[in-house]
Structures are given as C-alpha cells and as structure tokens.
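Participant: Structure: upload37.pdb, PDB, C-alpha atoms, pLDDT in the B column.
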ATOM      1  CA  VAL A   1      16.510  25.671  12.441  1.00 74.00           C
ATOM      2  CA  LYS A   2      18.357  26.754  15.558  1.00 81.00           C
ATOM      3  CA  ASP A   3      17.446  30.421  14.930  1.00 90.00           C
ATOM      4  CA  VAL A   4      13.674  29.838  14.657  1.00 95.00           C
ATOM      5  CA  SER A   5      11.671  32.179  16.858  1.00 93.00           C
ATOM      6  CA  VAL A   6       8.142  30.947  15.977  1.00 95.00           C
ATOM      7  CA  ILE A   7       6.702  27.488  15.282  1.00 95.00           C
ATOM      8  CA  ILE A   8       3.249  27.247  13.717  1.00 95.00           C
ATOM      9  CA  VAL A   9       1.655  23.838  13.198  1.00 94.00           C
ATOM     10  CA  ALA A  10      -1.497  23.802  11.051  1.00 92.00           C
ATOM     11  CA  THR A  11      -3.340  20.495  10.961  1.00 89.00           C
ATOM     12  CA  GLN A  12      -6.610  18.792  11.765  1.00 84.00           C
ATOM     13  CA  SER A  13      -4.848  15.497  12.531  1.00 81.00           C
ATOM     14  CA  PHE A  14      -4.805  15.169  16.294  1.00 77.00           C
ATOM     15  CA  GLU A  15      -4.409  11.788  17.939  1.00 72.00           C
ATOM     16  CA  ASN A  16      -3.968  13.560  21.263  1.00 70.00           C
ATOM     17  CA  THR A  17      -4.612  17.159  22.169  1.00 74.00           C
ATOM     18  CA  SER A  18      -1.959  17.272  24.867  1.00 84.00           C
ATOM     19  CA  PRO A  19       0.905  17.795  24.625  1.00 85.00           C
ATOM     20  CA  PRO A  20       0.253  19.832  21.484  1.00 89.00           C
ATOM     21  CA  HIS A  21       2.165  19.160  18.261  1.00 90.00           C
ATOM     22  CA  ASN A  22       4.019  22.478  18.557  1.00 90.00           C
ATOM     23  CA  ALA A  23       5.479  21.650  21.973  1.00 92.00           C
ATOM     24  CA  ARG A  24       6.586  18.177  20.880  1.00 91.00           C
ATOM     25  CA  LEU A  25       8.231  19.656  17.786  1.00 92.00           C
ATOM     26  CA  GLN A  26       9.969  22.401  19.802  1.00 94.00           C
ATOM     27  CA  HIS A  27      11.415  19.723  22.083  1.00 94.00           C
ATOM     28  CA  LEU A  28      12.437  17.371  19.228  1.00 93.00           C
ATOM     29  CA  LEU A  29      14.278  20.200  17.471  1.00 94.00           C
ATOM     30  CA  GLY A  30      16.059  21.186  20.676  1.00 94.00           C
ATOM     31  CA  LEU A  31      14.785  24.759  20.473  1.00 94.00           C
ATOM     32  CA  PRO A  32      14.698  27.009  23.543  1.00 94.00           C
ATOM     33  CA  THR A  33      11.530  27.387  25.565  1.00 94.00           C
ATOM     34  CA  SER A  34      11.404  31.057  24.533  1.00 94.00           C
ATOM     35  CA  VAL A  35      10.279  30.063  21.012  1.00 94.00           C
ATOM     36  CA  LEU A  36       6.633  31.072  20.446  1.00 93.00           C
ATOM     37  CA  CYS A  37       4.818  27.852  19.511  1.00 94.00           C
ATOM     38  CA  PHE A  38       1.196  27.186  18.684  1.00 92.00           C
ATOM     39  CA  ASP A  39      -1.137  24.907  16.747  1.00 93.00           C
ATOM     40  CA  MET A  40      -3.852  26.057  14.365  1.00 92.00           C
ATOM     41  CA  VAL A  41      -6.739  23.692  13.638  1.00 89.00           C
ATOM     42  CA  GLU A  42      -6.706  24.203   9.873  1.00 87.00           C
ATOM     43  CA  ALA A  43      -6.544  22.037   6.774  1.00 81.00           C
ATOM     44  CA  CYS A  44      -6.147  23.289   3.190  1.00 78.00           C
ATOM     45  CA  ASN A  45      -5.743  26.962   4.015  1.00 81.00           C
ATOM     46  CA  GLY A  46      -3.467  26.341   7.009  1.00 86.00           C
ATOM     47  CA  PHE A  47      -0.297  27.190   5.099  1.00 87.00           C
ATOM     48  CA  ILE A  48      -1.613  30.554   3.865  1.00 85.00           C
ATOM     49  CA  LYS A  49      -2.952  31.437   7.313  1.00 89.00           C
ATOM     50  CA  GLY A  50       0.349  30.309   8.845  1.00 91.00           C
ATOM     51  CA  LEU A  51       2.260  32.628   6.501  1.00 88.00           C
ATOM     52  CA  ALA A  52      -0.008  35.558   7.384  1.00 88.00           C
ATOM     53  CA  VAL A  53       0.363  34.918  11.122  1.00 91.00           C
ATOM     54  CA  ALA A  54       4.147  34.486  10.836  1.00 91.00           C
ATOM     55  CA  ASP A  55       4.413  37.717   8.860  1.00 88.00           C
ATOM     56  CA  SER A  56       2.529  39.617  11.547  1.00 87.00           C
ATOM     57  CA  LEU A  57       4.559  38.131  14.423  1.00 89.00           C
ATOM     58  CA  LEU A  58       8.100  38.258  13.088  1.00 86.00           C
ATOM     59  CA  SER A  59      10.539  41.143  13.181  1.00 86.00           C
ATOM     60  CA  MET A  60      13.052  41.688  10.381  1.00 84.00           C
ATOM     61  CA  GLY A  61      15.425  38.758   9.988  1.00 85.00           C
ATOM     62  CA  GLN A  62      13.499  36.442  12.310  1.00 90.00           C
ATOM     63  CA  LYS A  63      12.441  33.013  11.103  1.00 93.00           C
ATOM     64  CA  ALA A  64       9.339  30.868  11.551  1.00 94.00           C
ATOM     65  CA  LEU A  65       8.874  27.170  10.970  1.00 95.00           C
ATOM     66  CA  ILE A  66       5.458  26.474   9.457  1.00 94.00           C
ATOM     67  CA  VAL A  67       4.370  22.838   9.529  1.00 93.00           C
ATOM     68  CA  THR A  68       1.224  21.855   7.645  1.00 90.00           C
ATOM     69  CA  GLY A  69      -0.299  18.526   6.756  1.00 87.00           C
ATOM     70  CA  GLU A  70      -2.652  15.737   7.548  1.00 85.00           C
ATOM     71  CA  VAL A  71      -2.857  12.026   8.265  1.00 85.00           C
ATOM     72  CA  ASN A  72      -6.023  11.578   6.220  1.00 82.00           C
ATOM     73  CA  SER A  73      -5.715   7.798   5.894  1.00 85.00           C
ATOM     74  CA  LEU A  74      -7.315   7.563   9.345  1.00 80.00           C
ATOM     75  CA  THR A  75     -10.557   9.060   8.005  1.00 81.00           C
ATOM     76  CA  THR A  76     -10.524   7.744   4.417  1.00 83.00           C
ATOM     77  CA  GLN A  77     -10.299   4.019   5.179  1.00 82.00           C
ATOM     78  CA  LYS A  78     -13.901   3.449   4.072  1.00 80.00           C
ATOM     79  CA  ALA A  79     -14.026   6.230   1.464  1.00 80.00           C
ATOM     80  CA  GLU A  80     -14.111   5.666  -2.282  1.00 80.00           C
ATOM     81  CA  MET A  81     -10.738   5.566  -4.059  1.00 79.00           C
ATOM     82  CA  SER A  82     -11.099   9.003  -5.689  1.00 74.00           C
ATOM     83  CA  LEU A  83     -11.302  10.618  -2.245  1.00 78.00           C
ATOM     84  CA  LYS A  84      -8.443   8.508  -0.843  1.00 76.00           C
ATOM     85  CA  VAL A  85      -6.158   9.714  -3.636  1.00 72.00           C
ATOM     86  CA  LEU A  86      -7.143  13.363  -3.178  1.00 74.00           C
ATOM     87  CA  LEU A  87      -6.897  13.314   0.628  1.00 77.00           C
ATOM     88  CA  ALA A  88      -3.638  11.435   1.103  1.00 78.00           C
ATOM     89  CA  ASP A  89      -1.188  11.648   4.016  1.00 85.00           C
ATOM     90  CA  GLY A  90       1.544  14.247   3.930  1.00 86.00           C
ATOM     91  CA  PHE A  91       3.263  17.097   5.759  1.00 88.00           C
ATOM     92  CA  SER A  92       5.386  20.035   4.680  1.00 89.00           C
ATOM     93  CA  PHE A  93       7.967  21.920   6.699  1.00 92.00           C
ATOM     94  CA  SER A  94       8.635  25.482   5.543  1.00 91.00           C
ATOM     95  CA  LEU A  95      11.199  27.826   7.011  1.00 93.00           C
ATOM     96  CA  VAL A  96      10.266  31.454   6.304  1.00 91.00           C
ATOM     97  CA  GLU A  97      12.153  34.625   7.102  1.00 90.00           C
ATOM     98  CA  LYS A  98      10.714  38.108   7.555  1.00 85.00           C
ATOM     99  CA  GLU A  99      11.744  40.380   4.706  1.00 78.00           C
ATOM    100  CA  ALA A 100      11.414  44.110   4.178  1.00 67.00           C
ATOM    101  CA  GLU A 101       7.961  44.100   2.643  1.00 69.00           C
ATOM    102  CA  LYS A 102       4.837  42.910   4.396  1.00 69.00           C
ATOM    103  CA  ALA A 103       3.424  39.818   2.727  1.00 67.00           C
ATOM    104  CA  ARG A 104       0.236  40.319   0.767  1.00 70.00           C
ATOM    105  CA  SER A 105      -2.586  37.853   1.069  1.00 72.00           C
ATOM    106  CA  LEU A 106      -6.344  37.671   1.039  1.00 73.00           C
ATOM    107  CA  ILE A 107      -7.848  35.404   3.634  1.00 76.00           C
ATOM    108  CA  HIS A 108     -11.578  34.865   3.719  1.00 76.00           C
ATOM    109  CA  THR A 109     -13.293  32.409   6.024  1.00 78.00           C
ATOM    110  CA  ASP A 110     -16.653  31.099   4.860  1.00 79.00           C
ATOM    111  CA  GLY A 111     -18.189  28.180   6.709  1.00 82.00           C
ATOM    112  CA  SER A 112     -21.425  28.289   4.715  1.00 86.00           C
ATOM    113  CA  ARG A 113     -20.373  25.317   2.550  1.00 82.00           C
ATOM    114  CA  GLY A 114     -18.924  23.279   5.391  1.00 83.00           C
ATOM    115  CA  ASP A 115     -20.958  20.208   4.527  1.00 86.00           C
ATOM    116  CA  ALA A 116     -19.204  19.882   1.141  1.00 85.00           C
ATOM    117  CA  LEU A 117     -16.135  18.327   2.779  1.00 82.00           C
ATOM    118  CA  ARG A 118     -16.448  16.638   6.163  1.00 82.00           C
ATOM    119  CA  MET A 119     -13.977  14.555   8.111  1.00 79.00           C
ATOM    120  CA  SER A 120     -14.184  12.980  11.540  1.00 79.00           C
ATOM    121  CA  LEU A 121     -12.070  10.541  13.518  1.00 72.00           C
ATOM    122  CA  HIS A 122     -14.906   9.071  15.581  1.00 76.00           C
ATOM    123  CA  PRO A 123     -16.246   7.320  13.608  1.00 78.00           C
ATOM    124  CA  PRO A 124     -13.532   7.468  10.915  1.00 75.00           C
ATOM    125  CA  LEU A 125     -15.329   9.163   8.037  1.00 80.00           C
ATOM    126  CA  ALA A 126     -14.452  11.298   5.034  1.00 80.00           C
ATOM    127  CA  TYR A 127     -17.085  12.730   2.710  1.00 83.00           C
ATOM    128  CA  MET A 128     -16.785  15.172  -0.170  1.00 82.00           C
ATOM    129  CA  ASP A 129     -19.442  16.610  -2.468  1.00 84.00           C
ATOM    130  CA  GLY A 130     -17.187  17.002  -5.501  1.00 81.00           C
ATOM    131  CA  LEU A 131     -19.703  19.067  -7.476  1.00 85.00           C
ATOM    132  CA  GLU A 132     -20.038  21.569  -4.624  1.00 87.00           C
ATOM    133  CA  VAL A 133     -16.249  21.823  -4.221  1.00 83.00           C
ATOM    134  CA  PHE A 134     -15.951  22.416  -7.979  1.00 84.00           C
ATOM    135  CA  SER A 135     -18.705  25.023  -7.857  1.00 87.00           C
ATOM    136  CA  PHE A 136     -16.926  26.865  -5.042  1.00 86.00           C
ATOM    137  CA  THR A 137     -13.563  26.913  -6.793  1.00 85.00           C
ATOM    138  CA  HIS A 138     -15.104  27.948 -10.115  1.00 86.00           C
ATOM    139  CA  SER A 139     -17.187  30.794  -8.677  1.00 88.00           C
ATOM    140  CA  GLU A 140     -15.327  32.074  -5.596  1.00 87.00           C
ATOM    141  CA  VAL A 141     -11.602  31.681  -6.334  1.00 84.00           C
ATOM    142  CA  PRO A 142     -11.624  33.959  -9.415  1.00 87.00           C
ATOM    143  CA  LYS A 143     -13.482  36.599  -7.373  1.00 88.00           C
ATOM    144  CA  LEU A 144     -10.742  36.503  -4.727  1.00 84.00           C
ATOM    145  CA  VAL A 145      -7.977  36.856  -7.309  1.00 83.00           C
ATOM    146  CA  LYS A 146      -9.776  39.816  -8.892  1.00 83.00           C
ATOM    147  CA  GLU A 147     -10.182  41.384  -5.426  1.00 82.00           C
ATOM    148  CA  ALA A 148      -6.407  41.450  -4.942  1.00 79.00           C
ATOM    149  CA  ASP A 149      -5.725  45.046  -5.970  1.00 72.00           C
ATOM    150  CA  TRP A 150      -1.930  44.638  -5.821  1.00 70.00           C
ATOM    151  CA  ILE A 151      -1.896  42.242  -8.796  1.00 72.00           C
ATOM    152  CA  ASN A 152      -0.516  43.872 -11.936  1.00 68.00           C
ATOM    153  CA  ARG A 153      -3.075  42.813 -14.553  1.00 64.00           C
ATOM    154  CA  GLU A 154      -0.726  43.839 -17.383  1.00 69.00           C
ATOM    155  CA  ASP A 155       2.186  41.647 -16.221  1.00 70.00           C
ATOM    156  CA  LYS A 156       1.878  38.384 -18.159  1.00 66.00           C
ATOM    157  CA  ASP A 157       4.915  36.913 -16.335  1.00 70.00           C
ATOM    158  CA  GLN A 158       3.204  36.749 -12.941  1.00 68.00           C
ATOM    159  CA  ILE A 159       3.027  33.397 -11.230  1.00 66.00           C
ATOM    160  CA  PHE A 160      -0.203  32.203  -9.656  1.00 69.00           C
ATOM    161  CA  ALA A 161      -0.263  29.111  -7.462  1.00 68.00           C
ATOM    162  CA  PHE A 162      -3.676  27.662  -6.680  1.00 71.00           C
ATOM    163  CA  HIS A 163      -3.960  25.137  -3.887  1.00 67.00           C
ATOM    164  CA  GLN A 164      -5.962  22.534  -5.728  1.00 65.00           C
ATOM    165  CA  ALA A 165      -5.014  18.969  -6.556  1.00 63.00           C
ATOM    166  CA  ASN A 166      -7.189  18.847  -9.663  1.00 72.00           C
ATOM    167  CA  GLY A 167      -5.750  19.958 -13.017  1.00 77.00           C
ATOM    168  CA  TYR A 168      -9.201  20.399 -14.535  1.00 82.00           C
ATOM    169  CA  ILE A 169     -10.244  22.837 -11.805  1.00 83.00           C
ATOM    170  CA  VAL A 170      -6.954  24.774 -11.964  1.00 83.00           C
ATOM    171  CA  ASN A 171      -7.274  25.109 -15.751  1.00 86.00           C
ATOM    172  CA  ARG A 172     -10.892  26.314 -15.433  1.00 87.00           C
ATOM    173  CA  ILE A 173      -9.854  28.965 -12.912  1.00 87.00           C
ATOM    174  CA  GLY A 174      -7.050  30.069 -15.215  1.00 84.00           C
ATOM    175  CA  LYS A 175      -9.388  30.362 -18.201  1.00 88.00           C
ATOM    176  CA  LYS A 176     -11.925  32.313 -16.177  1.00 87.00           C
ATOM    177  CA  LEU A 177      -9.179  34.755 -15.142  1.00 83.00           C
ATOM    178  CA  GLY A 178      -7.668  34.957 -18.629  1.00 80.00           C
ATOM    179  CA  LEU A 179      -4.366  33.434 -17.495  1.00 77.00           C
TER     180      LEU A 179
END
Translate this structure into structure tokens?

Facilitator:
Amino acid sequence: VKDVSVIIVATQSFENTSPPHNARLQHLLGLPTSVLCFDMVEACNGFIKGLAVADSLLSMGQKALIVTGEVNSLTTQKAEMSLKVLLADGFSFSLVEKEAEKARSLIHTDGSRGDALRMSLHPPLAYMDGLEVFSFTHSEVPKLVKEADWINREDKDQIFAFHQANGYIVNRIGKKLGL
C-alpha cells in the first residue's frame, strides 16, 4: 500500500470524530502526509460511492484504498436476533487502481424512506422495517438496473452483484429483471 495516493473511509461507526479514521489509518500505514485522506459518513452504499469518488480523483496508474464497514454490535445490543445477524460487525479494505476506462455507476440518493432503517449510538438503537426495505429493493433496484444504458441486454454472461444480504430479495430482483 506504499503507493496509495487516496484513502477513503466510508462508515457510520464513529466512537470519536477527531482524529478522523482516515488520518489514523494514514499514520498506521506509514503513508506520507501528501496522501489525500477523507471520511464519508455512509453505510451500505459507501463502497459504491467510494469507488465513484476514487475514480474521479485518481489519475492513470494511481491507487486508492477504500475502507468500508461498521461496528453495528454497538447499536444492535437490544435488537431482535434477525437484525443482529443482518447488521453484524465487519470491515473491508479494497485497493483499487485507475484504469483506462472511466468506471460506470449509477448513484441515486433518496432519503424519503429514511425511517425504514435507523441506527443511533445514544441511546444504542437499531430498527428496521423489513417490509419497507423489501418493498424498496423490489421496486427501485430493478428500475436502477434498467436505467443503466451501458448494460448489454443481450449478453447472458454478464455478472450482476447486488448488495443485499438476503437471498430471497436477490432472487426476486433477478426474476424481475429476467436474469
């Protein structure tokens, strides 16, 4: 990781706001102070947004370290088991390099259903309206995939990766899209 020029940390798990996660990570990795480092307050979509930001910041051959994850056990202590299993602790570290072609992504931000999944540290609380989350994924995700005009609808060998920890939901999306 010595040739990393950007560090992006996407999380909603903040015990302290200062020093930020990005600065602590830059120091722990022994990277120079010239590395562009920042945190994004994001959860599920943090990785995709991190990729889009890295793609726009990097020049050819440069690398970014994207760190995403959560310590959800702090907010799910009193939650029912089904939510504890879905919102477990975990982090990923991804090293990405700028290639010739600009990455393609669709990013839409819609806070209108924000009450469907809420988390707070004070008091520690996690709540999810599973039916509303299902409704969103079943109605909105297929629309987004269909909006992506670069997808070759005739290519049956394409790979689609949906960020969803529920096999039933992923299968429903696939059926709705004819995949």

Participant: Please, what distance in Å, to one decimal, runs between CA of Lys49 in chain A and CA of Gln77 in chain A?

Facilitator: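 Calculated distance between CA of Lys49 in chain A and CA of Gln77 in chain A is 28.5 Å.
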
Participant: Just want the 10 Å neighbourhood of His108 in chain A, counted on only C-alpha atoms, with same-chain residues fewer than 3 positions away dropped. Output as a list in words.

Facilitator: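 The neighbour list is Asn45, Lys49, Ser105, Gly111 and Leu144 of chain A.
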
Participant: Residue by residue, what does the PyMOL selection byres ((chain A and resi 88-99) around 8) grab here? Present the result as a CSV table (one decimal) with C-alpha atoms, keeping the file's coordinate frame.

Facilitator:
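Result file result.csv:
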chain,number,residue,atom,x,y,z
A,1,VAL,CA,16.5,25.7,12.4
A,55,ASP,CA,4.4,37.7,8.9
A,58,LEU,CA,8.1,38.3,13.1
A,59,SER,CA,10.5,41.1,13.2
A,60,MET,CA,13.1,41.7,10.4
A,61,GLY,CA,15.4,38.8,10.0
A,62,GLN,CA,13.5,36.4,12.3
A,63,LYS,CA,12.4,33.0,11.1
A,64,ALA,CA,9.3,30.9,11.6
A,65,LEU,CA,8.9,27.2,11.0
A,66,ILE,CA,5.5,26.5,9.5
A,67,VAL,CA,4.4,22.8,9.5
A,68,THR,CA,1.2,21.9,7.6
A,69,GLY,CA,-0.3,18.5,6.8
A,70,GLU,CA,-2.7,15.7,7.5
A,71,VAL,CA,-2.9,12.0,8.3
A,72,ASN,CA,-6.0,11.6,6.2
A,73,SER,CA,-5.7,7.8,5.9
A,84,LYS,CA,-8.4,8.5,-0.8
A,85,VAL,CA,-6.2,9.7,-3.6
A,86,LEU,CA,-7.1,13.4,-3.2
A,87,LEU,CA,-6.9,13.3,0.6
A,100,ALA,CA,11.4,44.1,4.2
A,101,GLU,CA,8.0,44.1,2.6
A,102,LYS,CA,4.8,42.9,4.4

Participant: I'd like the contact shell of range 25-35 of chain A - 7 Å cut-off, all atoms listed in the file, skipping same-chain residues fewer than 6 positions apart - returned as a PDB file with C-alpha atoms, in the frame of the given file.

Facilitator:
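Wrote result_26.pdb, looks like this:
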ATOM      1  CA  LYS A   2      18.357  26.754  15.558  1.00 81.00           C
ATOM      2  CA  SER A   5      11.671  32.179  16.858  1.00 93.00           C
ATOM      3  CA  VAL A   6       8.142  30.947  15.977  1.00 95.00           C
TER       4      VAL A   6
END

Participant: State, in Å with one decimal place, the distance from CA of Glu42 in chain A to CA of Ala23 in chain A.

Facilitator: 17.4 Å

Participant: Show me, as a PyMOL selection string, the residues that have an atom within 9 Å of Phe38 in chain A when counting all atoms listed in the file, minus same-chain residues fewer than 4 positions from it.

Facilitator: chain A and resi 6-10+20-23

Participant: Take the residues that were just selected and, keeping C-alpha atoms, output them as a compact mmCIF listing (two decimals), in the frame of the given file.

Facilitator:
# COMPACT_ATOMS: atom_id res chain seq x y z
CA VAL A 6 8.14 30.95 15.98
CA ILE A 7 6.70 27.49 15.28
CA ILE A 8 3.25 27.25 13.72
CA VAL A 9 1.66 23.84 13.20
CA ALA A 10 -1.50 23.80 11.05
CA PRO A 20 0.25 19.83 21.48
CA HIS A 21 2.16 19.16 18.26
CA ASN A 22 4.02 22.48 18.56
CA ALA A 23 5.48 21.65 21.97

Participant: List the residues selected by the PyMOL selection byres ((chain A and resi 116) around 7) in the file shown, writing them as a PyMOL selection string.

Facilitator: chain A and resi 113-115+117-118+128-129+132-133

Participant: Pick out the residues sitting within 12 Å of Ile107 in chain A, and hand them over as a PDB file with C-alpha atoms, keeping the file's coordinate frame; count all atoms listed in the file, and ignore anything fewer than 2 positions along from it in its own chain.

Facilitator:
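Below you can see around_3.pdb, which holds the result:
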ATOM      1  CA  ASN A  45      -5.743  26.962   4.015  1.00 81.00           C
ATOM      2  CA  GLY A  46      -3.467  26.341   7.009  1.00 86.00           C
ATOM      3  CA  PHE A  47      -0.297  27.190   5.099  1.00 87.00           C
ATOM      4  CA  ILE A  48      -1.613  30.554   3.865  1.00 85.00           C
ATOM      5  CA  LYS A  49      -2.952  31.437   7.313  1.00 89.00           C
ATOM      6  CA  GLY A  50       0.349  30.309   8.845  1.00 91.00           C
ATOM      7  CA  LEU A  51       2.260  32.628   6.501  1.00 88.00           C
ATOM      8  CA  ALA A  52      -0.008  35.558   7.384  1.00 88.00           C
ATOM      9  CA  VAL A  53       0.363  34.918  11.122  1.00 91.00           C
ATOM     10  CA  ARG A 104       0.236  40.319   0.767  1.00 70.00           C
ATOM     11  CA  SER A 105      -2.586  37.853   1.069  1.00 72.00           C
ATOM     12  CA  THR A 109     -13.293  32.409   6.024  1.00 78.00           C
ATOM     13  CA  ASP A 110     -16.653  31.099   4.860  1.00 79.00           C
ATOM     14  CA  VAL A 141     -11.602  31.681  -6.334  1.00 84.00           C
ATOM     15  CA  LEU A 144     -10.742  36.503  -4.727  1.00 84.00           C
ATOM     16  CA  VAL A 145      -7.977  36.856  -7.309  1.00 83.00           C
ATOM     17  CA  GLU A 147     -10.182  41.384  -5.426  1.00 82.00           C
ATOM     18  CA  ALA A 148      -6.407  41.450  -4.942  1.00 79.00           C
TER      19      ALA A 148
END

Participant: Given all atoms listed in the file as the basis, pick out the residue of A:Leu106, A:Asp3, A:Ser135, A:Ile151 nearest to Arg172 in chain A.

Facilitator: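 So, comparing all the options, the nearest one is A:Ser135.
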
Participant: Find the distance between CA of Trp150 in chain A and CA of Ser112 in chain A and write it in Å to one decimal.

Facilitator: 27.5 Å

Participant: Name the residues that the PyMOL selection byres ((chain A and resi 174) around 12) picks from the file above, as a list in words, using the file's chain letters and numbers.

Facilitator: Thr137, His138, Val141, Pro142, Val145, Lys146, Ile159, Phe160, Ala161, Phe162, Gly167, Tyr168, Ile169, Val170, Asn171, Arg172, Ile173, Lys175, Lys176, Leu177, Gly178 and Leu179 of chain A

Participant: Skip range 122-126 of chain A itself and residues of its chain fewer than 6 positions away, then list as an MDAnalysis selection string all residues within 7 Å of it, counting only C-alpha atoms.

Facilitator: chainID A and resid 74:76 79
